[in-house]
$ cat coords.pdb   # PDB, C-alpha atoms
ATOM      1  CA  MET A   1      43.362 145.039 114.257
ATOM      2  CA  SER A   2      40.535 143.031 115.766
ATOM      3  CA  ASN A   3      39.357 144.711 118.947
ATOM      4  CA  ARG A   4      39.603 141.513 120.963
ATOM      5  CA  MET A   5      42.820 140.028 119.658
ATOM      6  CA  PHE A   6      45.168 141.866 121.979
ATOM      7  CA  ASP A   7      42.775 142.406 124.913
ATOM      8  CA  VAL A   8      45.004 140.322 127.140
ATOM      9  CA  ILE A   9      47.893 142.799 126.643
ATOM     10  CA  LYS A  10      45.819 145.972 126.212
ATOM     11  CA  GLN A  11      47.436 147.766 129.167
ATOM     12  CA  ASP A  12      50.920 146.686 128.067
ATOM     13  CA  LEU A  13      50.266 148.239 124.638
ATOM     14  CA  GLU A  14      49.118 151.511 126.209
ATOM     15  CA  VAL A  15      52.390 151.694 128.157
ATOM     16  CA  LEU A  16      54.243 150.797 124.930
ATOM     17  CA  ASN A  17      52.617 153.652 123.000
ATOM     18  CA  GLU A  18      53.722 156.171 125.618
ATOM     19  CA  GLY A  19      57.206 154.652 125.590
ATOM     20  CA  LEU A  20      57.477 154.975 121.800
ATOM     21  CA  ILE A  21      56.821 158.726 121.946
ATOM     22  CA  GLU A  22      59.426 159.069 124.664
ATOM     23  CA  ALA A  23      61.892 156.891 122.720
ATOM     24  CA  VAL A  24      61.879 159.183 119.663
ATOM     25  CA  SER A  25      61.794 162.460 121.595
ATOM     26  CA  SER A  26      64.621 164.884 120.916
ATOM     27  CA  PRO A  27      65.555 168.382 122.108
ATOM     28  CA  VAL A  28      65.730 169.283 118.400
ATOM     29  CA  GLU A  29      62.209 170.411 117.521
ATOM     30  CA  LEU A  30      62.115 169.105 113.928
ATOM     31  CA  VAL A  31      63.450 165.668 114.929
ATOM     32  CA  ASN A  32      60.888 165.525 117.725
ATOM     33  CA  GLU A  33      58.079 166.529 115.346
ATOM     34  CA  VAL A  34      58.997 163.942 112.689
ATOM     35  CA  GLY A  35      59.507 161.169 115.258
ATOM     36  CA  THR A  36      56.191 161.868 116.977
ATOM     37  CA  HIS A  37      54.369 161.974 113.623
ATOM     38  CA  LEU A  38      55.837 158.596 112.682
ATOM     39  CA  VAL A  39      55.054 156.737 115.902
ATOM     40  CA  THR A  40      51.540 158.170 116.245
ATOM     41  CA  ALA A  41      50.409 157.771 112.602
ATOM     42  CA  GLY A  42      48.404 154.612 113.303
ATOM     43  CA  GLY A  43      49.864 151.191 112.658
ATOM     44  CA  LYS A  44      48.706 147.807 113.891
ATOM     45  CA  ARG A  45      51.519 147.333 116.481
ATOM     46  CA  ILE A  46      51.499 143.664 115.507
ATOM     47  CA  ARG A  47      55.261 143.236 116.036
ATOM     48  CA  PRO A  48      55.510 144.510 119.623
ATOM     49  CA  ALA A  49      52.173 142.835 120.414
ATOM     50  CA  LEU A  50      53.545 139.448 119.307
ATOM     51  CA  CYS A  51      56.663 140.056 121.385
ATOM     52  CA  LEU A  52      54.584 140.909 124.462
ATOM     53  CA  LEU A  53      52.247 137.932 123.973
ATOM     54  CA  ALA A  54      55.235 135.593 123.634
ATOM     55  CA  ALA A  55      56.810 137.041 126.783
ATOM     56  CA  HIS A  56      53.541 136.426 128.668
ATOM     57  CA  GLY A  57      53.801 132.795 127.569
ATOM     58  CA  GLY A  58      57.051 132.358 129.510
ATOM     59  CA  ASN A  59      57.401 131.811 133.236
ATOM     60  CA  VAL A  60      59.175 135.049 134.271
ATOM     61  CA  PHE A  61      57.119 137.805 132.613
ATOM     62  CA  SER A  62      58.223 141.324 133.546
ATOM     63  CA  LEU A  63      56.833 144.270 131.583
ATOM     64  CA  ASP A  64      59.819 146.428 132.544
ATOM     65  CA  LYS A  65      62.167 143.775 131.171
ATOM     66  CA  VAL A  66      60.417 143.127 127.846
ATOM     67  CA  LEU A  67      59.178 146.654 127.063
ATOM     68  CA  PRO A  68      62.442 148.108 125.662
ATOM     69  CA  LEU A  69      62.658 145.119 123.292
ATOM     70  CA  ALA A  70      59.015 145.494 122.183
ATOM     71  CA  GLU A  71      59.537 149.239 121.616
ATOM     72  CA  ALA A  72      62.756 148.580 119.687
ATOM     73  CA  LEU A  73      60.943 146.114 117.381
ATOM     74  CA  GLU A  74      58.262 148.691 116.561
ATOM     75  CA  LEU A  75      60.915 151.375 115.978
ATOM     76  CA  ILE A  76      62.875 149.111 113.609
ATOM     77  CA  HIS A  77      59.634 148.509 111.694
ATOM     78  CA  THR A  78      58.838 152.253 111.628
ATOM     79  CA  ALA A  79      62.337 153.184 110.432
ATOM     80  CA  SER A  80      62.243 150.587 107.658
ATOM     81  CA  LEU A  81      58.847 151.913 106.466
ATOM     82  CA  VAL A  82      60.188 155.481 106.393
ATOM     83  CA  HIS A  83      63.003 154.329 104.097
ATOM     84  CA  ASP A  84      60.586 152.230 101.985
ATOM     85  CA  ASP A  85      58.364 155.277 101.471
ATOM     86  CA  VAL A  86      61.323 157.282 100.169
ATOM     87  CA  ILE A  87      62.325 154.446  97.811
ATOM     88  CA  ASP A  88      58.713 154.096  96.613
ATOM     89  CA  ASP A  89      58.126 157.857  96.466
ATOM     90  CA  ALA A  90      54.950 157.202  98.486
ATOM     91  CA  ASP A  91      52.726 160.122  99.558
ATOM     92  CA  THR A  92      50.548 158.350 102.114
ATOM     93  CA  ARG A  93      50.729 155.440 104.511
ATOM     94  CA  ARG A  94      47.817 154.317 106.698
ATOM     95  CA  GLY A  95      45.920 157.277 105.245
ATOM     96  CA  GLU A  96      48.444 159.764 106.707
ATOM     97  CA  PRO A  97      51.104 161.766 104.819
ATOM     98  CA  THR A  98      54.497 160.021 104.727
ATOM     99  CA  ALA A  99      57.556 161.753 106.208
ATOM    100  CA  ASN A 100      58.983 162.327 102.715
ATOM    101  CA  ALA A 101      55.709 163.939 101.572
ATOM    102  CA  LYS A 102      55.310 166.048 104.736
ATOM    103  CA  TRP A 103      58.945 167.155 104.899
ATOM    104  CA  ASP A 104      61.342 165.879 102.210
ATOM    105  CA  ASN A 105      63.484 162.857 101.327
ATOM    106  CA  GLN A 106      66.536 164.041 103.247
ATOM    107  CA  VAL A 107      64.589 164.613 106.468
ATOM    108  CA  ALA A 108      62.801 161.259 106.019
ATOM    109  CA  ILE A 109      65.992 159.222 105.441
ATOM    110  CA  LEU A 110      67.845 160.843 108.334
ATOM    111  CA  SER A 111      64.803 160.419 110.601
ATOM    112  CA  GLY A 112      64.722 156.735 109.676
ATOM    113  CA  ASP A 113      68.406 156.470 110.622
ATOM    114  CA  TYR A 114      67.716 158.282 113.901
ATOM    115  CA  ILE A 115      64.872 155.866 114.729
ATOM    116  CA  PHE A 116      67.044 152.811 113.936
ATOM    117  CA  ALA A 117      69.689 154.174 116.308
ATOM    118  CA  ARG A 118      67.098 154.818 119.037
ATOM    119  CA  ALA A 119      65.901 151.196 118.661
ATOM    120  CA  PHE A 120      69.374 149.770 119.208
ATOM    121  CA  SER A 121      69.944 152.157 122.086
ATOM    122  CA  LEU A 122      66.851 150.694 123.816
ATOM    123  CA  VAL A 123      68.157 147.167 123.246
ATOM    124  CA  ALA A 124      71.574 148.073 124.646
ATOM    125  CA  ALA A 125      69.945 149.588 127.748
ATOM    126  CA  GLY A 126      67.741 146.491 128.152
ATOM    127  CA  GLY A 127      70.821 144.315 128.727
ATOM    128  CA  TYR A 128      69.436 141.316 126.809
ATOM    129  CA  GLY A 129      72.801 139.818 125.909
ATOM    130  CA  ASP A 130      74.534 138.998 122.639
ATOM    131  CA  TYR A 131      71.925 136.684 121.129
ATOM    132  CA  VAL A 132      69.157 139.305 121.058
ATOM    133  CA  SER A 133      71.471 141.957 119.568
ATOM    134  CA  LYS A 134      72.739 139.474 116.973
ATOM    135  CA  ARG A 135      69.212 138.479 115.923
ATOM    136  CA  LEU A 136      68.111 142.124 115.613
ATOM    137  CA  ALA A 137      71.194 142.958 113.520
ATOM    138  CA  GLU A 138      70.367 139.962 111.276
ATOM    139  CA  LEU A 139      66.818 141.264 111.020
ATOM    140  CA  VAL A 140      67.879 144.706 109.761
ATOM    141  CA  CYS A 141      70.296 143.034 107.308
ATOM    142  CA  ASN A 142      67.502 140.793 105.996
ATOM    143  CA  LEU A 143      65.051 143.692 105.678
ATOM    144  CA  SER A 144      67.652 145.511 103.591
ATOM    145  CA  VAL A 145      68.501 142.443 101.491
ATOM    146  CA  GLY A 146      64.786 141.802 100.873
ATOM    147  CA  GLU A 147      64.378 145.354  99.589
ATOM    148  CA  ILE A 148      67.534 145.059  97.439
ATOM    149  CA  ILE A 149      66.279 141.797  95.880
ATOM    150  CA  GLN A 150      62.916 143.448  95.214
ATOM    151  CA  ASP A 151      64.500 146.588  93.800
ATOM    152  CA  HIS A 152      66.809 144.547  91.586
ATOM    153  CA  THR A 153      63.875 142.708  89.987
ATOM    154  CA  VAL A 154      61.406 145.575  89.433
ATOM    155  CA  TYR A 155      59.810 145.755  85.988
ATOM    156  CA  GLN A 156      60.957 142.212  85.285
ATOM    157  CA  ALA A 157      58.363 139.472  84.897
ATOM    158  CA  VAL A 158      60.122 137.174  87.387
ATOM    159  CA  LYS A 159      58.087 133.967  87.457
ATOM    160  CA  ASP A 160      60.360 132.213  89.949
ATOM    161  CA  LEU A 161      58.354 131.354  93.066
ATOM    162  CA  ASP A 162      61.510 130.751  95.131
ATOM    163  CA  ASN A 163      62.537 134.351  94.474
ATOM    164  CA  TYR A 164      59.107 135.549  95.642
ATOM    165  CA  TYR A 165      59.070 133.431  98.815
ATOM    166  CA  SER A 166      62.645 134.409  99.688
ATOM    167  CA  ARG A 167      61.770 138.076  99.244
ATOM    168  CA  ILE A 168      58.664 137.986 101.455
ATOM    169  CA  GLN A 169      60.499 135.936 104.064
ATOM    170  CA  LYS A 170      63.174 138.617 104.337
ATOM    171  CA  LYS A 171      60.694 141.519 104.168
ATOM    172  CA  THR A 172      58.040 140.226 106.576
ATOM    173  CA  ALA A 173      58.276 136.675 107.913
ATOM    174  CA  ASP A 174      61.758 136.959 109.474
ATOM    175  CA  PHE A 175      60.531 139.983 111.417
ATOM    176  CA  LEU A 176      57.471 138.305 112.945
ATOM    177  CA  GLU A 177      59.539 135.200 113.664
ATOM    178  CA  ILE A 178      62.075 137.250 115.637
ATOM    179  CA  CYS A 179      59.337 139.114 117.554
ATOM    180  CA  CYS A 180      57.882 135.815 118.783
ATOM    181  CA  GLU A 181      61.225 134.123 119.461
ATOM    182  CA  LEU A 182      62.868 136.975 121.352
ATOM    183  CA  GLY A 183      59.724 137.811 123.337
ATOM    184  CA  ALA A 184      59.512 134.156 124.415
ATOM    185  CA  LEU A 185      63.175 133.985 125.437
ATOM    186  CA  VAL A 186      63.027 137.266 127.408
ATOM    187  CA  GLY A 187      59.876 135.926 129.105
ATOM    188  CA  GLY A 188      61.796 132.838 130.268
ATOM    189  CA  MET A 189      60.302 130.280 127.889
ATOM    190  CA  ALA A 190      62.195 127.015 127.224
ATOM    191  CA  LYS A 191      64.256 127.097 124.004
ATOM    192  CA  ASP A 192      62.201 124.351 122.316
ATOM    193  CA  ASP A 193      58.966 126.231 122.921
ATOM    194  CA  ALA A 194      60.546 129.534 121.846
ATOM    195  CA  ALA A 195      61.548 127.783 118.590
ATOM    196  CA  LYS A 196      57.926 126.680 118.076
ATOM    197  CA  LEU A 197      56.741 130.255 118.573
ATOM    198  CA  ALA A 198      59.437 131.390 116.116
ATOM    199  CA  GLU A 199      57.962 128.997 113.534
ATOM    200  CA  TYR A 200      54.488 130.347 114.310
ATOM    201  CA  GLY A 201      55.835 133.860 113.648
ATOM    202  CA  HIS A 202      57.440 132.764 110.379
ATOM    203  CA  CYS A 203      54.195 131.181 109.162
ATOM    204  CA  ILE A 204      51.924 134.111 110.029
ATOM    205  CA  GLY A 205      54.518 136.450 108.460
ATOM    206  CA  MET A 206      54.441 134.554 105.163
ATOM    207  CA  ALA A 207      50.623 134.520 105.264
ATOM    208  CA  PHE A 208      50.477 138.213 106.201
ATOM    209  CA  GLN A 209      52.586 139.254 103.198
ATOM    210  CA  ILE A 210      50.696 136.999 100.779
ATOM    211  CA  THR A 211      47.351 138.447 101.953
ATOM    212  CA  ASP A 212      48.833 141.939 101.688
ATOM    213  CA  ASP A 213      49.746 141.192  98.068
ATOM    214  CA  VAL A 214      46.236 139.847  97.418
ATOM    215  CA  LEU A 215      44.624 142.963  98.932
ATOM    216  CA  ASP A 216      46.716 145.096  96.579
ATOM    217  CA  ILE A 217      45.050 143.258  93.682
ATOM    218  CA  MET A 218      41.494 143.041  95.038
ATOM    219  CA  GLN A 219      40.771 146.143  97.102
ATOM    220  CA  THR A 220      40.137 149.789  96.309
ATOM    221  CA  SER A 221      42.563 152.505  97.359
ATOM    222  CA  GLU A 222      40.105 153.690 100.040
ATOM    223  CA  GLN A 223      39.969 150.243 101.640
ATOM    224  CA  ILE A 224      43.708 149.691 101.961
ATOM    225  CA  GLY A 225      44.802 153.297 102.529
ATOM    226  CA  LYS A 226      47.224 153.282  99.589
ATOM    227  CA  PRO A 227      46.738 153.108  95.801
ATOM    228  CA  ALA A 228      45.290 149.783  94.582
ATOM    229  CA  GLY A 229      47.545 147.979  92.128
ATOM    230  CA  ASN A 230      50.483 149.794  93.675
ATOM    231  CA  ASP A 231      52.779 146.755  93.417
ATOM    232  CA  ILE A 232      52.080 146.393  89.690
ATOM    233  CA  ARG A 233      52.603 150.121  89.186
ATOM    234  CA  GLN A 234      56.022 149.816  90.858
ATOM    235  CA  GLY A 235      56.951 146.783  88.767
ATOM    236  CA  ILE A 236      56.753 144.417  91.759
ATOM    237  CA  VAL A 237      55.494 140.974  90.739
ATOM    238  CA  THR A 238      53.567 139.225  93.555
ATOM    239  CA  LEU A 239      52.106 135.702  93.881
ATOM    240  CA  PRO A 240      48.737 136.282  92.099
ATOM    241  CA  VAL A 241      50.570 138.089  89.264
ATOM    242  CA  ILE A 242      53.209 135.331  88.918
ATOM    243  CA  HIS A 243      50.376 132.800  88.649
ATOM    244  CA  ALA A 244      48.525 134.925  86.070
ATOM    245  CA  LEU A 245      51.725 135.283  84.021
ATOM    246  CA  GLN A 246      51.912 131.481  83.909
ATOM    247  CA  VAL A 247      48.257 130.568  83.260
ATOM    248  CA  SER A 248      46.402 133.520  81.717
ATOM    249  CA  PRO A 249      45.622 133.510  77.986
ATOM    250  CA  ALA A 250      46.553 137.223  78.252
ATOM    251  CA  GLY A 251      49.859 136.368  79.968
ATOM    252  CA  ALA A 252      51.961 137.973  77.227
ATOM    253  CA  GLU A 253      49.960 141.222  77.486
ATOM    254  CA  LEU A 254      50.335 141.180  81.279
ATOM    255  CA  GLU A 255      54.093 140.650  80.919
ATOM    256  CA  GLU A 256      54.277 143.630  78.562
ATOM    257  CA  ILE A 257      52.515 145.838  81.137
ATOM    258  CA  VAL A 258      54.451 144.766  84.251
ATOM    259  CA  THR A 259      57.798 145.243  82.498
ATOM    260  CA  ASN A 260      56.958 148.789  81.376
ATOM    261  CA  PRO A 261      58.287 151.481  83.772
ATOM    262  CA  GLU A 262      56.127 154.034  81.917
ATOM    263  CA  MET A 263      52.829 152.252  82.599
ATOM    264  CA  THR A 264      49.710 154.421  82.679
ATOM    265  CA  ASP A 265      46.703 154.157  85.032
ATOM    266  CA  ALA A 266      44.795 152.406  82.250
ATOM    267  CA  MET A 267      47.584 149.810  81.935
ATOM    268  CA  VAL A 268      47.513 149.172  85.712
ATOM    269  CA  GLU A 269      43.733 148.693  85.502
ATOM    270  CA  ARG A 270      44.134 146.279  82.579
ATOM    271  CA  ALA A 271      46.811 144.307  84.474
ATOM    272  CA  LEU A 272      44.498 144.054  87.510
ATOM    273  CA  GLU A 273      41.691 142.871  85.202
ATOM    274  CA  ILE A 274      43.900 140.119  83.731
ATOM    275  CA  VAL A 275      45.049 138.922  87.181
ATOM    276  CA  ARG A 276      41.510 139.009  88.611
ATOM    277  CA  ALA A 277      40.234 136.907  85.682
ATOM    278  CA  THR A 278      42.504 134.002  86.728
ATOM    279  CA  ASP A 279      42.407 131.869  89.880
ATOM    280  CA  GLY A 280      45.602 133.616  91.071
ATOM    281  CA  VAL A 281      43.942 135.246  94.059
ATOM    282  CA  ASP A 282      42.323 131.945  95.167
ATOM    283  CA  MET A 283      45.643 130.139  94.738
ATOM    284  CA  ALA A 284      47.470 132.768  96.796
ATOM    285  CA  MET A 285      44.852 132.719  99.556
ATOM    286  CA  ALA A 286      45.017 128.900  99.690
ATOM    287  CA  LYS A 287      48.782 129.208 100.193
ATOM    288  CA  ALA A 288      48.248 131.779 102.956
ATOM    289  CA  ASP A 289      45.713 129.448 104.619
ATOM    290  CA  GLU A 290      48.274 126.617 104.520
ATOM    291  CA  TYR A 291      50.744 128.797 106.414
ATOM    292  CA  LEU A 292      48.067 129.834 108.918
ATOM    293  CA  ASP A 293      47.126 126.199 109.622
ATOM    294  CA  ARG A 294      50.796 125.442 110.257
ATOM    295  CA  ALA A 295      50.975 128.451 112.585
ATOM    296  CA  ARG A 296      47.970 127.334 114.667
ATOM    297  CA  ASN A 297      49.248 123.755 114.903
ATOM    298  CA  VAL A 298      52.801 124.586 116.000
ATOM    299  CA  LEU A 299      51.848 126.658 119.078
ATOM    300  CA  PRO A 300      53.530 125.243 122.233
ATOM    301  CA  GLU A 301      51.364 123.006 124.418
ATOM    302  CA  GLY A 302      52.094 124.811 127.667
ATOM    303  CA  LEU A 303      50.920 128.302 126.685
ATOM    304  CA  PRO A 304      48.397 129.883 129.094
ATOM    305  CA  ALA A 305      44.904 129.531 127.568
ATOM    306  CA  GLU A 306      44.308 133.276 127.034
ATOM    307  CA  ILE A 307      47.737 133.722 125.386
ATOM    308  CA  LYS A 308      47.183 130.752 123.076
ATOM    309  CA  GLU A 309      43.739 132.112 122.187
ATOM    310  CA  ALA A 310      45.280 135.505 121.317
ATOM    311  CA  PHE A 311      47.856 133.827 119.024
ATOM    312  CA  VAL A 312      45.059 131.879 117.297
ATOM    313  CA  MET A 313      43.022 135.097 116.888
ATOM    314  CA  VAL A 314      46.025 136.768 115.204
ATOM    315  CA  ALA A 315      46.185 133.900 112.685
ATOM    316  CA  ASP A 316      42.398 134.125 112.139
ATOM    317  CA  PHE A 317      42.626 137.884 111.645
ATOM    318  CA  ILE A 318      45.324 137.534 108.984
ATOM    319  CA  GLY A 319      43.173 135.021 107.102
ATOM    320  CA  ASP A 320      40.084 137.246 107.255
ATOM    321  CA  ARG A 321      41.502 140.756 106.982
ATOM    322  CA  ASP A 322      40.283 143.110 104.288
ATOM    323  CA  PHE A 323      42.535 146.144 104.852
TER
END
$ encode --input "coords.pdb" --output "structure tokens"
Amino acid sequence: MSNRMFDVIKQDLEVLNEGLIEAVSSPVELVNEVGTHLVTAGGKRIRPALCLLAAHGGNVFSLDKVLPLAEALELIHTASLVHDDVIDDADTRRGEPTANAKWDNQVAILSGDYIFARAFSLVAAGGYGDYVSKRLAELVCNLSVGEIIQDHTVYQAVKDLDNYYSRIQKKTADFLEICCELGALVGGMAKDDAAKLAEYGHCIGMAFQITDDVLDIMQTSEQIGKPAGNDIRQGIVTLPVIHALQVSPAGAELEEIVTNPEMTDAMVERALEIVRATDGVDMAMAKADEYLDRARNVLPEGLPAEIKEAFVMVADFIGDRDF
């Protein structure tokens, strides 16, 4: 992440990082080892950071009050990634070995379950009331549904944009929306303003996933810390690919590649070449920029200047990021 973006909550994030290690600790050595590996293997901490920023925007900020929620949000994210890596048979994430590669699928899945449970235990101890618990339960349901929708459509040349937007909303945007909304409410923000921050979270989430999908097309494996063209390889059709399927003279060839579960490295390279030859990447980035403009414009009027600036920097970072 940008060095300056979260300066205003730098100390909060340091306390959060210590809390995460404590949250996954276990007297069982292997569980402790896996949990510590997962919460210390990098990561942008964007979800708890948004929660903390939103809480600072309210009128009753208390780090002790909001911290369990912020930690729980990061743990839910971590647990969902552990399960994703098993589903995707991924070897690395953020340049580090995945839990399934370092141990095995069984240990990874059960560790993911353990981390989910630890997240909800933090929320229960935080005493946030029914609404927060309900929203977090909805979040985990939506993450799962998003993955199921994606899994159900792999190696199909789905050209339906509604399907794509629904999938990325459930996988990414709902999460960032909830981080902003719940952080704001726990920080004592008025409901109307919390709803505006929720919309901000939704918009940056949509933009974040679209840019992620673009990076998968445009960057090298070294730059993004995972194999380039990974989505295509897994039969996942993203916005630039959907556009290329519709407009490219080589659309039929691209469709043949993305629907082939046996695709070779050369086929992935050819698919990337076809997509890059269209304006699919520009179209996708224009859509991401639309969401980011909406995000900047919806920020509540009464936010403290340094908090508002941090939210704007997050939107700018998503638009500019190259990893």
$ closest_residue --input "coords.pdb" --among "A:Pro240, A:Gly302, A:Gly201, A:Gly251" --to "Val314 (chain A)" --atoms "all atoms listed in the file"
A:Gly201
$ closest_atom_pairs --input "coords.pdb" --of "region 1-110 of chain A" --to "region 170-194 of chain A" --cutoff "8 Å" --atoms "all atoms listed in the file" --output "CSV"
residue,atom,partner,partner_atom,distance
A:Arg47,CA,A:Cys179,CA,6.0
A:Pro48,CA,A:Cys179,CA,6.9
A:Leu50,CA,A:Cys180,CA,5.7
A:Cys51,CA,A:Gly183,CA,4.3
A:Leu52,CA,A:Gly183,CA,6.1
A:Leu53,CA,A:Gly183,CA,7.5
A:Ala54,CA,A:Ala184,CA,4.6
A:Ala55,CA,A:Gly187,CA,4.0
A:His56,CA,A:Gly187,CA,6.4
A:Gly57,CA,A:Ala184,CA,6.7
A:Gly58,CA,A:Met189,CA,4.2
A:Asn59,CA,A:Gly188,CA,5.4
A:Val60,CA,A:Gly188,CA,5.3
A:Phe61,CA,A:Gly187,CA,4.8
A:Ser62,CA,A:Gly187,CA,7.2
A:Lys65,CA,A:Val186,CA,7.6
A:Val66,CA,A:Val186,CA,6.4
A:Leu69,CA,A:Gly183,CA,7.9
A:Ala70,CA,A:Gly183,CA,7.8
A:Leu73,CA,A:Cys179,CA,7.2
$ write_last_selection --input "coords.pdb" --atoms "C-alpha atoms" --output "PDB file, in the frame of the given file"
ATOM      1  CA  ARG A  47      55.261 143.236 116.036  1.00  0.00           C
ATOM      2  CA  PRO A  48      55.510 144.510 119.623  1.00  0.00           C
ATOM      3  CA  LEU A  50      53.545 139.448 119.307  1.00  0.00           C
ATOM      4  CA  CYS A  51      56.663 140.056 121.385  1.00  0.00           C
ATOM      5  CA  LEU A  52      54.584 140.909 124.462  1.00  0.00           C
ATOM      6  CA  LEU A  53      52.247 137.932 123.973  1.00  0.00           C
ATOM      7  CA  ALA A  54      55.235 135.593 123.634  1.00  0.00           C
ATOM      8  CA  ALA A  55      56.810 137.041 126.783  1.00  0.00           C
ATOM      9  CA  HIS A  56      53.541 136.426 128.668  1.00  0.00           C
ATOM     10  CA  GLY A  57      53.801 132.795 127.569  1.00  0.00           C
ATOM     11  CA  GLY A  58      57.051 132.358 129.510  1.00  0.00           C
ATOM     12  CA  ASN A  59      57.401 131.811 133.236  1.00  0.00           C
ATOM     13  CA  VAL A  60      59.175 135.049 134.271  1.00  0.00           C
ATOM     14  CA  PHE A  61      57.119 137.805 132.613  1.00  0.00           C
ATOM     15  CA  SER A  62      58.223 141.324 133.546  1.00  0.00           C
ATOM     16  CA  LYS A  65      62.167 143.775 131.171  1.00  0.00           C
ATOM     17  CA  VAL A  66      60.417 143.127 127.846  1.00  0.00           C
ATOM     18  CA  LEU A  69      62.658 145.119 123.292  1.00  0.00           C
ATOM     19  CA  ALA A  70      59.015 145.494 122.183  1.00  0.00           C
ATOM     20  CA  LEU A  73      60.943 146.114 117.381  1.00  0.00           C
TER      21      LEU A  73
END
$ atom_distance --input "coords.pdb" --atom1 "CA of Lys159 (chain A)" --atom2 "CA of Cys203 (chain A)"
22.2 Å
$ residues_near_point --input "coords.pdb" --point "(62.0, 147.0, 102.8)" --cutoff "8 Å" --atoms "all atoms listed in the file" --output "NGL selection string"
:A and (80-81 or 83-84 or 143-144 or 146-148 or 171)
$ closest_residue --input "coords.pdb" --among "A:Val214, A:Ile274, A:Val107, A:Ala157" --to "Asn260 (chain A)" --atoms "only C-alpha atoms"
A:Ala157
$ axis_aligned_box --input "coords.pdb" --around "region 98-107 of chain A" --padding-each-side "4 Å" --output "lines of an AutoDock Vina configuration file"
center_x = 60.5
center_y = 163.6
center_z = 103.9
size_x = 20.0
size_y = 15.1
size_z = 13.1
$ resolve_selection --input "coords.pdb" --expression "the PyMOL selection byres ((chain A and resi 285) around 12)" --output "compact mmCIF listing (two decimals) with C-alpha atoms, in the frame of the given file"
# COMPACT_ATOMS: atom_id res chain seq x y z
CA MET A 206 54.44 134.55 105.16
CA ALA A 207 50.62 134.52 105.26
CA PHE A 208 50.48 138.21 106.20
CA GLN A 209 52.59 139.25 103.20
CA ILE A 210 50.70 137.00 100.78
CA THR A 211 47.35 138.45 101.95
CA ASP A 212 48.83 141.94 101.69
CA ASP A 213 49.75 141.19 98.07
CA VAL A 214 46.24 139.85 97.42
CA LEU A 215 44.62 142.96 98.93
CA MET A 218 41.49 143.04 95.04
CA LEU A 239 52.11 135.70 93.88
CA PRO A 240 48.74 136.28 92.10
CA ASP A 279 42.41 131.87 89.88
CA GLY A 280 45.60 133.62 91.07
CA VAL A 281 43.94 135.25 94.06
CA ASP A 282 42.32 131.94 95.17
CA MET A 283 45.64 130.14 94.74
CA ALA A 284 47.47 132.77 96.80
CA ALA A 286 45.02 128.90 99.69
CA LYS A 287 48.78 129.21 100.19
CA ALA A 288 48.25 131.78 102.96
CA ASP A 289 45.71 129.45 104.62
CA GLU A 290 48.27 126.62 104.52
CA TYR A 291 50.74 128.80 106.41
CA LEU A 292 48.07 129.83 108.92
CA ILE A 318 45.32 137.53 108.98
CA GLY A 319 43.17 135.02 107.10
CA ASP A 320 40.08 137.25 107.26
CA ARG A 321 41.50 140.76 106.98
$ closest_atom_pairs --input "coords.pdb" --of "region 127-237 of chain A" --to "region 293-299 of chain A" --cutoff "7 Å" --atoms "all atoms listed in the file" --output "JSON lines"
{"residue": "A:Lys196", "atom": "CA", "partner": "A:Val298", "partner_atom": "CA", "distance": 5.9}
{"residue": "A:Leu197", "atom": "CA", "partner": "A:Leu299", "partner_atom": "CA", "distance": 6.1}
{"residue": "A:Tyr200", "atom": "CA", "partner": "A:Ala295", "partner_atom": "CA", "distance": 4.3}
{"residue": "A:Cys203", "atom": "CA", "partner": "A:Ala295", "partner_atom": "CA", "distance": 5.4}
{"residue": "A:Ile204", "atom": "CA", "partner": "A:Ala295", "partner_atom": "CA", "distance": 6.3}
$ residues_around --input "coords.pdb" --residues "Ile21 (chain A)" --least-positions-apart "4" --cutoff "12 Å" --atoms "all atoms listed in the file" --output "list of chain:residue names"
A:Glu14, A:Val15, A:Leu16, A:Asn17, A:Ser25, A:Ser26, A:Val31, A:Asn32, A:Glu33, A:Val34, A:Gly35, A:Thr36, A:His37, A:Leu38, A:Val39, A:Thr40, A:Ala41, A:Glu71, A:Ala72, A:Glu74, A:Leu75, A:Ile115, A:Arg118
$ atom_distance --input "coords.pdb" --atom1 "CA of Asp89 (chain A)" --atom2 "CA of Val237 (chain A)"
18.0 Å
$ atom_distance --input "coords.pdb" --atom1 "CA of Met263 (chain A)" --atom2 "CA of Tyr155 (chain A)"
10.1 Å
$ residues_around --input "coords.pdb" --residues "Val275 (chain A)" --least-positions-apart "5" --cutoff "9 Å" --atoms "all atoms listed in the file" --output "PyMOL selection string"
chain A and resi 217+240-241+243-245+248+254+270+280-281
$ resolve_selection --input "coords.pdb" --expression "the PyMOL selection byres ((chain A and resi 116) around 9)" --output "compact mmCIF listing (two decimals) with C-alpha atoms, in the coordinates of the input"
# COMPACT_ATOMS: atom_id res chain seq x y z
CA ALA A 72 62.76 148.58 119.69
CA LEU A 75 60.92 151.38 115.98
CA ILE A 76 62.88 149.11 113.61
CA HIS A 77 59.63 148.51 111.69
CA THR A 78 58.84 152.25 111.63
CA ALA A 79 62.34 153.18 110.43
CA SER A 80 62.24 150.59 107.66
CA SER A 111 64.80 160.42 110.60
CA GLY A 112 64.72 156.74 109.68
CA ASP A 113 68.41 156.47 110.62
CA TYR A 114 67.72 158.28 113.90
CA ILE A 115 64.87 155.87 114.73
CA ALA A 117 69.69 154.17 116.31
CA ARG A 118 67.10 154.82 119.04
CA ALA A 119 65.90 151.20 118.66
CA PHE A 120 69.37 149.77 119.21
CA SER A 121 69.94 152.16 122.09
$ resolve_selection --input "coords.pdb" --expression "the PyMOL selection byres ((chain A and resi 271) around 9)" --output "PyMOL selection string"
chain A and resi 229+232+241+253-255+257-258+266-270+272-276
